[in-house]
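The structure appears right after this line, and notes come after that.
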Amino acid sequence: MIISENAQVDHVYFIISGLLKLFYTDAEAKEHIISFSMEDWWESDYAAFYTQTKATQSLQCLEDTLVLKLSFDNYQRLLTEVPKMTEFFLKKAIGGHISNQRRILSLMTMSAKERYEQFLRYYPILIQRLPKTVLASYLGVSRETLSRLYLESGLK
């Protein structure tokens with residue numbers, strides 16, 4: 001675990017290698033996967049990081065993972081001393097926001113097959129890296145449904 005629920009979030013993480021999942025655990029201890037992040041991506045519980053509060057989400061390694069961490073104070077200093085970094089992080093934030101909107105809309109309007117096909121389109125490399133039970137949970141389908149979708153797609 002890189003971030004655990006209720007822990008203070010003082011860092012944002014840049015993934016050098018590995019695969020992470022960001023998730024929320026509800027009152028019934030059910031895990032809700034928010035996102036995956038891999039090499040060259042940034043991740044954190046951003047709400048807690050930016051407000052310097054305790055995490056409501058957890059960040060867990062799914063593979064052996066190497067990350068660099070940037071503290072909130074150093075993040076603020078970097079933005080002040082290197083103005084181009086403000087533009088860089090803004091672009092990253094906008095990209096993440098777009099991905100989150102796409103995911104929300106897919107859960108609201110698409111069938112399981114359409115969500116799976118969209119995931120394949122945007123994140124083809126992750127299909128082989130994610131445990132099938134984790135991917136099924138992310139897509140909001142059973143493991144059996146995912147297996148059927150996997151076979152129908154022709155992936156081996």
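The chains in the structure tokens are called A, B, ... from first to last as shown; in each chain the residues are counted from 1, and the ligands are counted from 1 in the order shown.
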Segment 132-137 of chain A environment, 12 Å, only C-alpha atoms, sequence neighbours closer than 6 positions dropped, as a ChimeraX atom specification: /A:20-23,30-36,62,112-113,115-116,119-120,123,126,143-150
9 Å contact set for Ser17 of chain A, only C-alpha atoms, chain neighbours under 4 positions out, as a CSV table (one decimal) with N, CA, C and O atoms, in the first residue's frame:
chain,number,residue,atom,x,y,z
A,38,MET,N,0.0,3.4,-14.4
A,38,MET,CA,1.2,2.6,-14.8
A,38,MET,C,2.3,3.6,-15.1
A,38,MET,O,2.3,4.8,-14.8
A,39,GLU,N,3.4,3.0,-15.7
A,39,GLU,CA,4.6,3.8,-16.0
A,39,GLU,C,4.3,5.1,-16.6
A,39,GLU,O,3.5,5.2,-17.5
A,40,ASP,N,5.0,6.1,-16.1
A,40,ASP,CA,5.0,7.5,-16.6
A,40,ASP,C,3.7,8.2,-16.3
A,40,ASP,O,3.4,9.3,-16.8
A,63,GLU,N,1.7,-4.8,-9.0
A,63,GLU,CA,2.9,-5.4,-9.4
A,63,GLU,C,4.0,-4.8,-8.6
A,63,GLU,O,3.8,-3.8,-7.9
A,64,ASP,N,5.2,-5.4,-8.7
A,64,ASP,CA,6.4,-4.7,-8.1
A,64,ASP,C,6.5,-3.4,-8.7
A,64,ASP,O,6.4,-3.2,-9.9
A,65,THR,N,6.6,-2.4,-7.9
A,65,THR,CA,6.4,-1.0,-8.4
A,65,THR,C,7.5,-0.1,-7.8
A,65,THR,O,7.9,-0.2,-6.6
A,66,LEU,N,8.0,0.8,-8.6
A,66,LEU,CA,9.0,1.8,-8.2
A,66,LEU,C,8.4,3.2,-8.5
A,66,LEU,O,7.9,3.4,-9.6
A,67,VAL,N,8.3,4.0,-7.5
A,67,VAL,CA,7.7,5.3,-7.7
A,67,VAL,C,8.7,6.4,-7.1
A,67,VAL,O,9.5,6.1,-6.3
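We find atom CA of Phe14 of chain A and atom CA of Lys92 of chain A to be spaced 11.8 Å apart.
For the choices A:Glu5, A:Asp26, A:Asp10, A:Glu43, the atom-to-atom distance to Tyr75 of chain A is smallest for A:Asp10 when using only C-alpha atoms.
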Residues flagged alpha helix (DSSP H) by DSSP in segment 11-117 of chain A, as a ChimeraX atom specification: /A:46-51,72-81,84-109,112-117
Those in segment 24-108 of chain A with strand (DSSP E or B) from DSSP, as a PyMOL selection string: chain A and resi 24-25+31-38+42-43+54+58-61+66-71
d(atom CA of Trp42 of chain A, atom CA of Lys69 of chain A) in Å: 9.4 Å
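The coordinates place atom CA of Ala48 of chain A at 15.5 Å from atom CA of Thr25 of chain A.
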